[in-house]
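query.cif follows (mmCIF, C-alpha atoms (C1' of nucleotides)):
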data_my_file
loop_
_atom_site.group_PDB
_atom_site.id
_atom_site.type_symbol
_atom_site.label_atom_id
_atom_site.label_comp_id
_atom_site.auth_asym_id
_atom_site.auth_seq_id
_atom_site.Cartn_x
_atom_site.Cartn_y
_atom_site.Cartn_z
ATOM 1 C CA MET A 987 -31.295 -139.051 -28.456
ATOM 2 C CA THR A 988 -33.356 -139.792 -31.490
ATOM 3 C CA THR A 989 -33.118 -143.530 -31.149
ATOM 4 C CA THR A 990 -32.950 -145.114 -34.546
ATOM 5 C CA LEU A 991 -35.973 -147.188 -35.282
ATOM 6 C CA PRO A 992 -35.416 -150.799 -36.275
ATOM 7 C CA LEU A 993 -38.630 -150.371 -38.171
ATOM 8 C CA THR A 994 -37.664 -149.375 -41.685
ATOM 9 C CA ALA A 995 -38.824 -150.078 -45.209
ATOM 10 C CA ASP A 996 -36.591 -153.089 -45.583
ATOM 11 C CA THR A 997 -38.617 -155.324 -43.332
ATOM 12 C CA THR A 998 -36.270 -158.142 -42.566
ATOM 13 C CA GLY A 999 -37.817 -161.382 -43.672
ATOM 14 C CA ALA A 1000 -38.761 -163.678 -40.816
ATOM 15 C CA CYS A 1001 -42.421 -163.422 -41.737
ATOM 16 C CA CYS A 1002 -43.988 -161.352 -38.998
ATOM 17 C CA GLY A 1003 -41.998 -158.763 -37.134
ATOM 18 C CA SER A 1004 -44.064 -159.035 -33.985
ATOM 19 C CA VAL A 1005 -44.274 -161.857 -31.503
ATOM 20 C CA ALA A 1006 -46.474 -163.749 -33.951
ATOM 21 C CA HIS A 1007 -49.832 -165.047 -32.779
ATOM 22 C CA GLY A 1008 -49.394 -162.731 -29.785
ATOM 23 C CA ALA A 1009 -49.853 -159.034 -29.095
ATOM 24 C CA VAL A 1010 -46.971 -156.592 -29.273
ATOM 25 C CA ASP A 1011 -45.094 -155.944 -26.046
ATOM 26 C CA ALA A 1012 -44.690 -152.586 -24.339
ATOM 27 C CA ALA A 1013 -41.407 -151.792 -26.063
ATOM 28 C CA GLY A 1014 -42.725 -152.769 -29.469
ATOM 29 C CA ALA A 1015 -45.819 -150.669 -28.975
ATOM 30 C CA GLU A 1016 -43.674 -147.668 -28.210
ATOM 31 C CA GLN A 1017 -41.743 -148.100 -31.441
ATOM 32 C CA ILE A 1018 -44.879 -148.496 -33.513
ATOM 33 C CA ALA A 1019 -46.613 -145.594 -31.806
ATOM 34 C CA ARG A 1020 -43.678 -143.338 -32.573
ATOM 35 C CA VAL A 1021 -44.232 -143.810 -36.283
ATOM 36 C CA PHE A 1022 -47.957 -143.157 -36.078
ATOM 37 C CA LYS A 1023 -47.512 -140.218 -33.732
ATOM 38 C CA ALA A 1024 -45.432 -138.561 -36.416
ATOM 39 C CA LEU A 1025 -48.461 -138.782 -38.702
ATOM 40 C CA GLY A 1026 -50.886 -137.675 -36.017
ATOM 41 C CA ASP A 1027 -50.580 -134.050 -37.016
ATOM 42 C CA PRO A 1028 -52.358 -132.603 -40.086
ATOM 43 C CA THR A 1029 -49.338 -130.484 -40.972
ATOM 44 C CA ARG A 1030 -47.018 -133.466 -41.134
ATOM 45 C CA VAL A 1031 -49.545 -135.410 -43.174
ATOM 46 C CA ARG A 1032 -49.629 -132.574 -45.683
ATOM 47 C CA LEU A 1033 -45.845 -132.290 -45.725
ATOM 48 C CA LEU A 1034 -45.372 -135.961 -46.480
ATOM 49 C CA SER A 1035 -48.111 -135.845 -49.083
ATOM 50 C CA LEU A 1036 -46.601 -132.776 -50.720
ATOM 51 C CA ILE A 1037 -43.212 -134.439 -51.020
ATOM 52 C CA ALA A 1038 -44.713 -137.637 -52.384
ATOM 53 C CA ALA A 1039 -46.699 -135.695 -54.965
ATOM 54 C CA SER A 1040 -43.707 -133.603 -55.969
ATOM 55 C CA ASP A 1041 -42.136 -133.965 -59.401
ATOM 56 C CA ASP A 1042 -38.916 -135.638 -58.333
ATOM 57 C CA HIS A 1043 -40.482 -137.067 -55.185
ATOM 58 C CA GLU A 1044 -38.321 -134.728 -53.160
ATOM 59 C CA ALA A 1045 -38.562 -131.210 -51.765
ATOM 60 C CA CYS A 1046 -36.612 -128.684 -49.723
ATOM 61 C CA ILE A 1047 -37.937 -126.677 -46.788
ATOM 62 C CA CYS A 1048 -38.366 -123.601 -48.963
ATOM 63 C CA ASP A 1049 -40.743 -125.545 -51.218
ATOM 64 C CA LEU A 1050 -42.905 -126.575 -48.272
ATOM 65 C CA THR A 1051 -43.348 -123.452 -46.150
ATOM 66 C CA GLU A 1052 -45.699 -121.680 -48.557
ATOM 67 C CA PRO A 1053 -48.130 -124.598 -49.220
ATOM 68 C CA VAL A 1054 -48.692 -125.314 -45.546
ATOM 69 C CA GLY A 1055 -48.702 -121.646 -44.534
ATOM 70 C CA LEU A 1056 -46.309 -122.006 -41.609
ATOM 71 C CA THR A 1057 -42.967 -120.437 -40.777
ATOM 72 C CA GLN A 1058 -39.667 -121.984 -41.786
ATOM 73 C CA PRO A 1059 -38.635 -123.028 -38.254
ATOM 74 C CA THR A 1060 -41.921 -124.816 -37.762
ATOM 75 C CA VAL A 1061 -41.666 -126.714 -41.038
ATOM 76 C CA SER A 1062 -38.078 -127.622 -40.230
ATOM 77 C CA HIS A 1063 -39.197 -128.938 -36.862
ATOM 78 C CA HIS A 1064 -41.927 -131.083 -38.398
ATOM 79 C CA MET A 1065 -39.569 -132.540 -40.975
ATOM 80 C CA LYS A 1066 -37.135 -133.463 -38.231
ATOM 81 C CA LEU A 1067 -39.867 -135.433 -36.519
ATOM 82 C CA LEU A 1068 -40.735 -137.236 -39.746
ATOM 83 C CA VAL A 1069 -37.091 -138.133 -40.308
ATOM 84 C CA ASP A 1070 -36.685 -139.305 -36.715
ATOM 85 C CA ALA A 1071 -39.736 -141.517 -37.165
ATOM 86 C CA GLY A 1072 -38.152 -143.109 -40.218
ATOM 87 C CA LEU A 1073 -40.835 -141.812 -42.563
ATOM 88 C CA ALA A 1074 -38.563 -139.454 -44.493
ATOM 89 C CA THR A 1075 -34.901 -139.002 -45.324
ATOM 90 C CA ARG A 1076 -32.832 -135.838 -45.355
ATOM 91 C CA GLU A 1077 -30.030 -135.127 -47.807
ATOM 92 C CA GLN A 1078 -27.978 -131.953 -47.691
ATOM 93 C CA ARG A 1079 -27.196 -130.800 -51.221
ATOM 94 C CA GLY A 1080 -25.429 -127.493 -51.333
ATOM 95 C CA ARG A 1081 -27.407 -124.935 -49.406
ATOM 96 C CA TRP A 1082 -30.617 -126.923 -49.598
ATOM 97 C CA ALA A 1083 -31.834 -129.879 -47.581
ATOM 98 C CA TYR A 1084 -33.813 -132.285 -49.712
ATOM 99 C CA TYR A 1085 -36.380 -134.552 -48.128
ATOM 100 C CA ARG A 1086 -37.772 -137.758 -49.566
ATOM 101 C CA VAL A 1087 -40.491 -140.154 -48.422
ATOM 102 C CA VAL A 1088 -39.314 -143.565 -47.242
ATOM 103 C CA GLU A 1089 -41.430 -145.960 -49.251
ATOM 104 C CA GLY A 1090 -42.925 -148.768 -47.235
ATOM 105 C CA ALA A 1091 -42.095 -147.406 -43.808
ATOM 106 C CA LEU A 1092 -45.724 -146.652 -43.071
ATOM 107 C CA SER A 1093 -47.082 -149.952 -44.290
ATOM 108 C CA ALA A 1094 -44.363 -151.736 -42.333
ATOM 109 C CA ALA A 1095 -45.584 -150.119 -39.133
ATOM 110 C CA ALA A 1096 -49.168 -150.981 -39.970
ATOM 111 C CA GLN A 1097 -48.172 -154.591 -40.652
ATOM 112 C CA SER A 1098 -46.417 -154.999 -37.330
ATOM 113 C CA LEU A 1099 -49.518 -153.760 -35.568
ATOM 114 C CA VAL A 1100 -52.110 -155.975 -37.217
ATOM 115 C CA PRO A 1101 -50.154 -158.812 -38.896
ATOM 116 C CA ARG A 1102 -53.345 -159.787 -40.707
ATOM 117 C CA MET B 1494 -69.019 -133.849 -31.627
ATOM 118 C CA THR B 1495 -67.155 -136.929 -32.726
ATOM 119 C CA THR B 1496 -67.584 -136.327 -36.420
ATOM 120 C CA THR B 1497 -67.953 -139.603 -38.177
ATOM 121 C CA LEU B 1498 -65.092 -140.316 -40.489
ATOM 122 C CA PRO B 1499 -65.881 -140.993 -44.132
ATOM 123 C CA LEU B 1500 -62.724 -143.030 -44.004
ATOM 124 C CA THR B 1501 -63.790 -146.559 -43.206
ATOM 125 C CA ALA B 1502 -62.838 -150.030 -44.268
ATOM 126 C CA ASP B 1503 -65.240 -150.027 -47.180
ATOM 127 C CA THR B 1504 -63.293 -147.545 -49.251
ATOM 128 C CA THR B 1505 -65.736 -146.468 -51.904
ATOM 129 C CA GLY B 1506 -64.377 -147.406 -55.283
ATOM 130 C CA ALA B 1507 -63.338 -144.478 -57.447
ATOM 131 C CA CYS B 1508 -59.736 -145.675 -57.402
ATOM 132 C CA CYS B 1509 -57.893 -143.203 -55.231
ATOM 133 C CA GLY B 1510 -59.633 -141.385 -52.442
ATOM 134 C CA SER B 1511 -57.358 -138.374 -52.567
ATOM 135 C CA VAL B 1512 -57.072 -135.716 -55.217
ATOM 136 C CA ALA B 1513 -55.045 -138.130 -57.316
ATOM 137 C CA HIS B 1514 -51.689 -136.990 -58.704
ATOM 138 C CA GLY B 1515 -51.912 -134.150 -56.184
ATOM 139 C CA ALA B 1516 -51.309 -133.760 -52.473
ATOM 140 C CA VAL B 1517 -54.095 -134.028 -49.930
ATOM 141 C CA ASP B 1518 -55.809 -130.783 -48.974
ATOM 142 C CA ALA B 1519 -56.027 -129.329 -45.484
ATOM 143 C CA ALA B 1520 -59.367 -130.967 -44.709
ATOM 144 C CA GLY B 1521 -58.236 -134.349 -45.996
ATOM 145 C CA ALA B 1522 -55.046 -134.127 -43.986
ATOM 146 C CA GLU B 1523 -57.054 -133.511 -40.840
ATOM 147 C CA GLN B 1524 -59.141 -136.628 -41.442
ATOM 148 C CA ILE B 1525 -56.110 -138.795 -42.104
ATOM 149 C CA ALA B 1526 -54.206 -137.374 -39.143
ATOM 150 C CA ARG B 1527 -57.101 -138.189 -36.839
ATOM 151 C CA VAL B 1528 -56.709 -141.877 -37.584
ATOM 152 C CA PHE B 1529 -52.970 -141.874 -37.067
ATOM 153 C CA LYS B 1530 -53.197 -139.739 -33.955
ATOM 154 C CA ALA B 1531 -55.309 -142.462 -32.405
ATOM 155 C CA LEU B 1532 -52.394 -144.829 -32.919
ATOM 156 C CA GLY B 1533 -49.827 -142.322 -31.722
ATOM 157 C CA ASP B 1534 -50.005 -143.591 -28.174
ATOM 158 C CA PRO B 1535 -48.305 -146.817 -27.044
ATOM 159 C CA THR B 1536 -51.245 -147.763 -24.861
ATOM 160 C CA ARG B 1537 -53.703 -147.618 -27.752
ATOM 161 C CA VAL B 1538 -51.333 -149.587 -29.947
ATOM 162 C CA ARG B 1539 -51.230 -152.294 -27.313
ATOM 163 C CA LEU B 1540 -54.989 -152.245 -26.865
ATOM 164 C CA LEU B 1541 -55.635 -152.697 -30.560
ATOM 165 C CA SER B 1542 -52.996 -155.380 -30.763
ATOM 166 C CA LEU B 1543 -54.431 -157.215 -27.767
ATOM 167 C CA ILE B 1544 -57.886 -157.263 -29.311
ATOM 168 C CA ALA B 1545 -56.572 -158.415 -32.664
ATOM 169 C CA ALA B 1546 -54.608 -161.204 -31.003
ATOM 170 C CA SER B 1547 -57.555 -162.271 -28.869
ATOM 171 C CA ASP B 1548 -59.265 -165.595 -29.421
ATOM 172 C CA ASP B 1549 -62.503 -164.307 -30.878
ATOM 173 C CA HIS B 1550 -60.887 -161.109 -32.107
ATOM 174 C CA GLU B 1551 -62.850 -159.183 -29.529
ATOM 175 C CA ALA B 1552 -62.426 -158.115 -25.934
ATOM 176 C CA CYS B 1553 -64.180 -156.197 -23.184
ATOM 177 C CA ILE B 1554 -62.659 -153.496 -20.994
ATOM 178 C CA CYS B 1555 -62.168 -155.916 -18.132
ATOM 179 C CA ASP B 1556 -59.961 -158.074 -20.338
ATOM 180 C CA LEU B 1557 -57.744 -155.145 -21.225
ATOM 181 C CA THR B 1558 -57.074 -153.289 -17.984
ATOM 182 C CA GLU B 1559 -54.743 -155.891 -16.521
ATOM 183 C CA PRO B 1560 -52.470 -156.421 -19.575
ATOM 184 C CA VAL B 1561 -51.798 -152.700 -20.038
ATOM 185 C CA GLY B 1562 -51.601 -151.980 -16.298
ATOM 186 C CA LEU B 1563 -53.884 -148.960 -16.316
ATOM 187 C CA THR B 1564 -57.113 -148.111 -14.533
ATOM 188 C CA GLN B 1565 -60.501 -148.932 -15.998
ATOM 189 C CA PRO B 1566 -61.488 -145.313 -16.741
ATOM 190 C CA THR B 1567 -58.253 -144.772 -18.638
ATOM 191 C CA VAL B 1568 -58.710 -147.879 -20.776
ATOM 192 C CA SER B 1569 -62.311 -146.886 -21.446
ATOM 193 C CA HIS B 1570 -61.133 -143.458 -22.536
ATOM 194 C CA HIS B 1571 -58.564 -144.914 -24.924
ATOM 195 C CA MET B 1572 -61.081 -147.291 -26.454
ATOM 196 C CA LYS B 1573 -63.444 -144.412 -27.059
ATOM 197 C CA LEU B 1574 -60.744 -142.626 -29.015
ATOM 198 C CA LEU B 1575 -60.077 -145.735 -31.100
ATOM 199 C CA VAL B 1576 -63.778 -146.093 -31.865
ATOM 200 C CA ASP B 1577 -64.097 -142.411 -32.740
ATOM 201 C CA ALA B 1578 -61.169 -142.779 -35.125
ATOM 202 C CA GLY B 1579 -62.931 -145.645 -36.862
ATOM 203 C CA LEU B 1580 -60.290 -148.172 -35.873
ATOM 204 C CA ALA B 1581 -62.520 -150.204 -33.561
ATOM 205 C CA THR B 1582 -66.178 -150.942 -33.002
ATOM 206 C CA ARG B 1583 -68.108 -151.145 -29.763
ATOM 207 C CA GLU B 1584 -70.964 -153.566 -29.120
ATOM 208 C CA GLN B 1585 -72.878 -153.647 -25.863
ATOM 209 C CA ARG B 1586 -73.728 -157.219 -24.962
ATOM 210 C CA GLY B 1587 -75.348 -157.548 -21.572
ATOM 211 C CA ARG B 1588 -73.187 -155.876 -18.987
ATOM 212 C CA TRP B 1589 -70.090 -156.034 -21.117
ATOM 213 C CA ALA B 1590 -68.930 -153.848 -23.950
ATOM 214 C CA TYR B 1591 -67.137 -155.834 -26.613
ATOM 215 C CA TYR B 1592 -64.619 -154.151 -28.861
ATOM 216 C CA ARG B 1593 -63.432 -155.368 -32.245
ATOM 217 C CA VAL B 1594 -60.761 -154.135 -34.659
ATOM 218 C CA VAL B 1595 -62.059 -152.634 -37.896
ATOM 219 C CA GLU B 1596 -60.152 -154.515 -40.582
ATOM 220 C CA GLY B 1597 -58.713 -152.354 -43.291
ATOM 221 C CA ALA B 1598 -59.304 -149.015 -41.613
ATOM 222 C CA LEU B 1599 -55.623 -148.477 -40.966
ATOM 223 C CA SER B 1600 -54.452 -149.495 -44.421
ATOM 224 C CA ALA B 1601 -57.153 -147.292 -45.940
ATOM 225 C CA ALA B 1602 -55.734 -144.286 -44.142
ATOM 226 C CA ALA B 1603 -52.228 -145.194 -45.229
ATOM 227 C CA GLN B 1604 -53.368 -145.559 -48.816
ATOM 228 C CA SER B 1605 -55.005 -142.144 -48.894
ATOM 229 C CA LEU B 1606 -51.780 -140.624 -47.657
ATOM 230 C CA VAL B 1607 -49.347 -142.192 -50.108
ATOM 231 C CA PRO B 1608 -51.496 -143.586 -52.962
ATOM 232 C CA ARG B 1609 -48.406 -145.492 -54.136
ATOM 233 C "C1'" DT C 70 -13.181 -112.390 -46.518
ATOM 234 C "C1'" DC C 71 -17.783 -110.496 -46.445
ATOM 235 C "C1'" DG C 72 -22.543 -110.578 -47.362
ATOM 236 C "C1'" DA C 73 -26.514 -113.247 -48.708
ATOM 237 C "C1'" DT C 74 -29.297 -117.277 -48.451
ATOM 238 C "C1'" DG C 75 -31.256 -121.703 -46.756
ATOM 239 C "C1'" DT C 76 -31.735 -124.331 -42.662
ATOM 240 C "C1'" DA C 77 -31.531 -125.658 -37.752
ATOM 241 C "C1'" DT C 78 -31.785 -124.561 -32.853
ATOM 242 C "C1'" DC C 79 -33.381 -122.010 -28.729
ATOM 243 C "C1'" DG C 80 -36.702 -119.980 -25.564
ATOM 244 C "C1'" DA C 81 -41.285 -119.080 -24.653
ATOM 245 C "C1'" DC C 82 -46.147 -119.799 -24.507
ATOM 246 C "C1'" DA C 83 -51.023 -121.402 -25.330
ATOM 247 C "C1'" DG C 84 -53.427 -125.440 -26.014
ATOM 248 C "C1'" DA C 85 -53.827 -130.484 -26.262
ATOM 249 C "C1'" DT C 86 -53.128 -135.032 -24.040
ATOM 250 C "C1'" DG C 87 -52.681 -139.073 -20.692
ATOM 251 C "C1'" DT C 88 -53.647 -140.344 -16.247
ATOM 252 C "C1'" DC C 89 -56.110 -140.916 -11.987
ATOM 253 C "C1'" DA C 90 -59.818 -140.769 -8.121
ATOM 254 C "C1'" DA C 91 -64.490 -140.062 -7.546
ATOM 255 C "C1'" DT C 92 -68.829 -140.744 -9.231
ATOM 256 C "C1'" DA C 93 -72.725 -141.638 -12.313
ATOM 257 C "C1'" DC C 94 -75.026 -144.826 -15.500
ATOM 258 C "C1'" DG C 95 -76.987 -149.535 -17.060
ATOM 259 C "C1'" DA C 96 -77.798 -154.197 -16.777
ATOM 260 C "C1'" DC C 97 -78.111 -158.448 -14.484
ATOM 261 C "C1'" DT C 98 -79.183 -161.210 -10.044
ATOM 262 C "C1'" DG C 99 -81.284 -162.288 -5.889
ATOM 263 C "C1'" DC D 54 -86.856 -153.564 -5.568
ATOM 264 C "C1'" DA D 55 -82.120 -153.435 -3.789
ATOM 265 C "C1'" DG D 56 -77.503 -154.778 -4.439
ATOM 266 C "C1'" DT D 57 -73.716 -155.908 -7.418
ATOM 267 C "C1'" DC D 58 -70.889 -155.596 -11.338
ATOM 268 C "C1'" DG D 59 -69.024 -153.667 -15.711
ATOM 269 C "C1'" DT D 60 -68.532 -149.455 -18.000
ATOM 270 C "C1'" DA D 61 -68.696 -144.390 -18.970
ATOM 271 C "C1'" DT D 62 -68.228 -139.622 -17.490
ATOM 272 C "C1'" DT D 63 -66.416 -135.794 -14.766
ATOM 273 C "C1'" DG D 64 -62.901 -132.887 -12.742
ATOM 274 C "C1'" DA D 65 -58.237 -132.116 -11.823
ATOM 275 C "C1'" DC D 66 -53.440 -132.152 -12.759
ATOM 276 C "C1'" DA D 67 -48.742 -132.806 -14.744
ATOM 277 C "C1'" DT D 68 -46.736 -133.318 -19.022
ATOM 278 C "C1'" DC D 69 -46.355 -133.087 -23.943
ATOM 279 C "C1'" DT D 70 -46.980 -130.604 -28.370
ATOM 280 C "C1'" DG D 71 -47.352 -127.063 -32.075
ATOM 281 C "C1'" DT D 72 -46.232 -122.606 -33.026
ATOM 282 C "C1'" DC D 73 -43.672 -118.407 -33.307
ATOM 283 C "C1'" DG D 74 -39.739 -114.798 -33.080
ATOM 284 C "C1'" DA D 75 -34.986 -114.438 -32.454
ATOM 285 C "C1'" DT D 76 -30.752 -116.258 -33.449
ATOM 286 C "C1'" DA D 77 -26.997 -119.407 -34.636
ATOM 287 C "C1'" DC D 78 -24.988 -122.396 -38.197
ATOM 288 C "C1'" DA D 79 -23.551 -123.630 -42.952
ATOM 289 C "C1'" DT D 80 -22.870 -122.894 -47.716
ATOM 290 C "C1'" DC D 81 -22.377 -120.290 -51.892
ATOM 291 C "C1'" DG D 82 -21.138 -116.017 -54.658
ATOM 292 C "C1'" DA D 83 -18.646 -111.719 -55.263
#
What is this structure when it is put down as structure tokens?
Amino acid sequence: MTTTLPLTADTTGACCGSVAHGAVDAAGAEQIARVFKALGDPTRVRLLSLIAASDDHEACICDLTEPVGLTQPTVSHHMKLLVDAGLATREQRGRWAYYRVVEGALSAAAQSLVPR
Amino acid sequence: MTTTLPLTADTTGACCGSVAHGAVDAAGAEQIARVFKALGDPTRVRLLSLIAASDDHEACICDLTEPVGLTQPTVSHHMKLLVDAGLATREQRGRWAYYRVVEGALSAAAQSLVPR
DNA sequence: TCGATGTATCGACAGATGTCAATACGACTG
DNA sequence: CAGTCGTATTGACATCTGTCGATACATCGA
């Protein structure tokens, strides 16, 4: 599962990603909603914010459990959702898994919803 | 209930709404998540997109039920959530209730999450 | 190889969420 | 005033979601 989203930071040119002058279709809405749903939980908002505000703009699970006050499995689960939504990346480095925020992924989703 | 969000289109100056250089706190995360949660459902994404793509940038419930293929009570329920989240406005005009998209509300939420 | 450490997965459970049918509310029309 | 029409609310239900404890997996050090 975990269908890769075609909705990433590198918004392929072509002006507007959506149908242009029209509303998004059912499939497109599902893709967009998946990104926003990932941010529909306060914990995940804090996690993403914590990583973005971190020194090297990256953090491992062990750095995140204490600030949010949740157990390690729960934090790991939330980070998986953020990665699946294309809002974060995961990089295994030794024993630790480092997560980074995907710049522009959020604004790309917002753009495809209301093209302006 | 339905606590009014201080997070509207008219982002009060003061540069960055968040703590600046720091991550958002628990309360702030809850506010931000409420906006994104409203967009975490494909139906609501379509509804907002339909309104934005409409001729006069507004629509009543009767205009929306058919495109999304859901019953009137369900559409009304979704629109209420969008209004409560500050993403849409409701204006009673005669028998009809006209909904409009609040410009900038979404990008304001995104900004307060990742200030750049 | 064995133990320790960081992370992911599994199973379970309470609570939230999306949907509908039925019904109530409000405003126009005759 | 009574009927009609558009919308909101209520109650019910199946499903999804967030959380945890227990446990499995993977990597490093001795």
Result set of the PyMOL selection byres ((chain C) within 9 of (chain B)) on the coordinates above, as a VMD selection string: chain C and resid 87 to 89 95 to 97
Please, which residues in chain D fall within 12 Å of chain A when counting all atoms listed in the file, and what is the closest atom pair and distance in Å to one decimal for each, ordered by chain then residue number, as CSV?
residue,atom,partner,partner_atom,distance
D:DT70,C1',A:Asp1027,CA,10.0
D:DG71,C1',A:Thr1060,CA,8.2
D:DT72,C1',A:Thr1060,CA,6.8
D:DC73,C1',A:Thr1057,CA,7.8
D:DG74,C1',A:Pro1059,CA,9.8
D:DA75,C1',A:Pro1059,CA,11.0
D:DT76,C1',A:Pro1059,CA,11.4
D:DC78,C1',A:Arg1081,CA,11.7
D:DA79,C1',A:Arg1081,CA,7.6
D:DT80,C1',A:Arg1081,CA,5.3
D:DC81,C1',A:Arg1081,CA,7.3
Fit result for chain A on chain B over all paired C-alpha atoms, given as a short mmCIF file (atom, residue, chain, number, x, y, z; two decimals) with C-alpha atoms, keeping the file's coordinate frame:
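Done, and the output landed in part_19.cif:
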data_model
loop_
_atom_site.label_atom_id
_atom_site.label_comp_id
_atom_site.auth_asym_id
_atom_site.auth_seq_id
_atom_site.Cartn_x
_atom_site.Cartn_y
_atom_site.Cartn_z
CA MET A 987 -69.07 -133.96 -31.61
CA THR A 988 -67.17 -137.01 -32.68
CA THR A 989 -67.55 -136.36 -36.37
CA THR A 990 -67.93 -139.62 -38.20
CA LEU A 991 -65.04 -140.30 -40.46
CA PRO A 992 -65.79 -140.99 -44.11
CA LEU A 993 -62.65 -143.03 -43.98
CA THR A 994 -63.72 -146.57 -43.21
CA ALA A 995 -62.74 -150.07 -44.24
CA ASP A 996 -65.11 -150.12 -47.16
CA THR A 997 -63.09 -147.78 -49.31
CA THR A 998 -65.53 -146.71 -51.95
CA GLY A 999 -64.17 -147.61 -55.33
CA ALA A 1000 -63.21 -144.63 -57.44
CA CYS A 1001 -59.58 -145.70 -57.43
CA CYS A 1002 -57.81 -143.20 -55.23
CA GLY A 1003 -59.61 -141.47 -52.41
CA SER A 1004 -57.42 -138.39 -52.54
CA VAL A 1005 -57.23 -135.70 -55.17
CA ALA A 1006 -55.22 -138.08 -57.34
CA HIS A 1007 -51.88 -136.94 -58.70
CA GLY A 1008 -52.09 -134.12 -56.15
CA ALA A 1009 -51.44 -133.74 -52.43
CA VAL A 1010 -54.22 -134.00 -49.88
CA ASP A 1011 -55.93 -130.77 -48.90
CA ALA A 1012 -56.11 -129.31 -45.40
CA ALA A 1013 -59.43 -130.97 -44.59
CA GLY A 1014 -58.30 -134.33 -45.89
CA ALA A 1015 -55.10 -134.13 -43.90
CA GLU A 1016 -57.07 -133.52 -40.76
CA GLN A 1017 -59.16 -136.63 -41.34
CA ILE A 1018 -56.13 -138.78 -42.04
CA ALA A 1019 -54.20 -137.38 -39.10
CA ARG A 1020 -57.07 -138.20 -36.78
CA VAL A 1021 -56.69 -141.88 -37.56
CA PHE A 1022 -52.93 -141.88 -37.07
CA LYS A 1023 -53.15 -139.75 -33.94
CA ALA A 1024 -55.27 -142.48 -32.40
CA LEU A 1025 -52.35 -144.85 -32.94
CA GLY A 1026 -49.77 -142.36 -31.74
CA ASP A 1027 -49.96 -143.63 -28.19
CA PRO A 1028 -48.25 -146.87 -27.07
CA THR A 1029 -51.21 -147.80 -24.89
CA ARG A 1030 -53.66 -147.64 -27.76
CA VAL A 1031 -51.31 -149.61 -29.97
CA ARG A 1032 -51.21 -152.34 -27.34
CA LEU A 1033 -54.98 -152.26 -26.89
CA LEU A 1034 -55.64 -152.70 -30.58
CA SER A 1035 -53.01 -155.41 -30.79
CA LEU A 1036 -54.45 -157.23 -27.79
CA ILE A 1037 -57.92 -157.26 -29.31
CA ALA A 1038 -56.62 -158.43 -32.67
CA ALA A 1039 -54.66 -161.23 -31.03
CA SER A 1040 -57.60 -162.28 -28.88
CA ASP A 1041 -59.33 -165.61 -29.43
CA ASP A 1042 -62.57 -164.29 -30.87
CA HIS A 1043 -60.94 -161.10 -32.12
CA GLU A 1044 -62.91 -159.18 -29.54
CA ALA A 1045 -62.45 -158.08 -25.94
CA CYS A 1046 -64.20 -156.17 -23.17
CA ILE A 1047 -62.67 -153.45 -21.01
CA CYS A 1048 -62.20 -155.88 -18.13
CA ASP A 1049 -60.01 -158.06 -20.35
CA LEU A 1050 -57.77 -155.13 -21.25
CA THR A 1051 -57.10 -153.28 -18.00
CA GLU A 1052 -54.78 -155.91 -16.53
CA PRO A 1053 -52.51 -156.43 -19.60
CA VAL A 1054 -51.82 -152.74 -20.06
CA GLY A 1055 -51.61 -152.02 -16.33
CA LEU A 1056 -53.89 -148.99 -16.35
CA THR A 1057 -57.12 -148.15 -14.57
CA GLN A 1058 -60.53 -148.91 -16.03
CA PRO A 1059 -61.46 -145.27 -16.75
CA THR A 1060 -58.23 -144.76 -18.65
CA VAL A 1061 -58.71 -147.87 -20.78
CA SER A 1062 -62.29 -146.85 -21.45
CA HIS A 1063 -61.09 -143.44 -22.56
CA HIS A 1064 -58.53 -144.90 -24.94
CA MET A 1065 -61.05 -147.26 -26.48
CA LYS A 1066 -63.41 -144.36 -27.07
CA LEU A 1067 -60.69 -142.61 -29.03
CA LEU A 1068 -60.04 -145.72 -31.12
CA VAL A 1069 -63.74 -146.06 -31.88
CA ASP A 1070 -64.04 -142.38 -32.75
CA ALA A 1071 -61.11 -142.77 -35.13
CA GLY A 1072 -62.89 -145.62 -36.88
CA LEU A 1073 -60.26 -148.17 -35.89
CA ALA A 1074 -62.50 -150.19 -33.59
CA THR A 1075 -66.18 -150.91 -33.03
CA ARG A 1076 -68.10 -151.11 -29.79
CA GLU A 1077 -70.97 -153.50 -29.13
CA GLN A 1078 -72.88 -153.55 -25.87
CA ARG A 1079 -73.76 -157.13 -24.96
CA GLY A 1080 -75.38 -157.43 -21.59
CA ARG A 1081 -73.22 -155.79 -18.98
CA TRP A 1082 -70.11 -155.95 -21.13
CA ALA A 1083 -68.93 -153.76 -23.97
CA TYR A 1084 -67.15 -155.77 -26.63
CA TYR A 1085 -64.62 -154.11 -28.88
CA ARG A 1086 -63.43 -155.34 -32.25
CA VAL A 1087 -60.78 -154.12 -34.68
CA VAL A 1088 -62.05 -152.63 -37.93
CA GLU A 1089 -60.13 -154.52 -40.57
CA GLY A 1090 -58.67 -152.35 -43.28
CA ALA A 1091 -59.30 -149.01 -41.62
CA LEU A 1092 -55.61 -148.48 -40.98
CA SER A 1093 -54.45 -149.49 -44.43
CA ALA A 1094 -57.16 -147.29 -45.92
CA ALA A 1095 -55.73 -144.28 -44.13
CA ALA A 1096 -52.23 -145.18 -45.22
CA GLN A 1097 -53.41 -145.54 -48.82
CA SER A 1098 -55.04 -142.13 -48.89
CA LEU A 1099 -51.82 -140.59 -47.66
CA VAL A 1100 -49.39 -142.16 -50.11
CA PRO A 1101 -51.54 -143.54 -52.98
CA ARG A 1102 -48.47 -145.39 -54.24
#
Separation of atom C1' of DA65 of chain D from atom C1' of DG84 of chain C, in Å and rounded to one decimal: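 Spanning atom C1' of DA65 of chain D to atom C1' of DG84 of chain C is a straight-line distance of 16.4 Å.
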Residue IDs satisfying the PyMOL selection byres ((chain A) within 6 of (chain B)), as a ChimeraX atom specification: /A:1008-1009,1015-1016,1019,1022-1023,1025-1028,1031-1032,1035-1036,1039
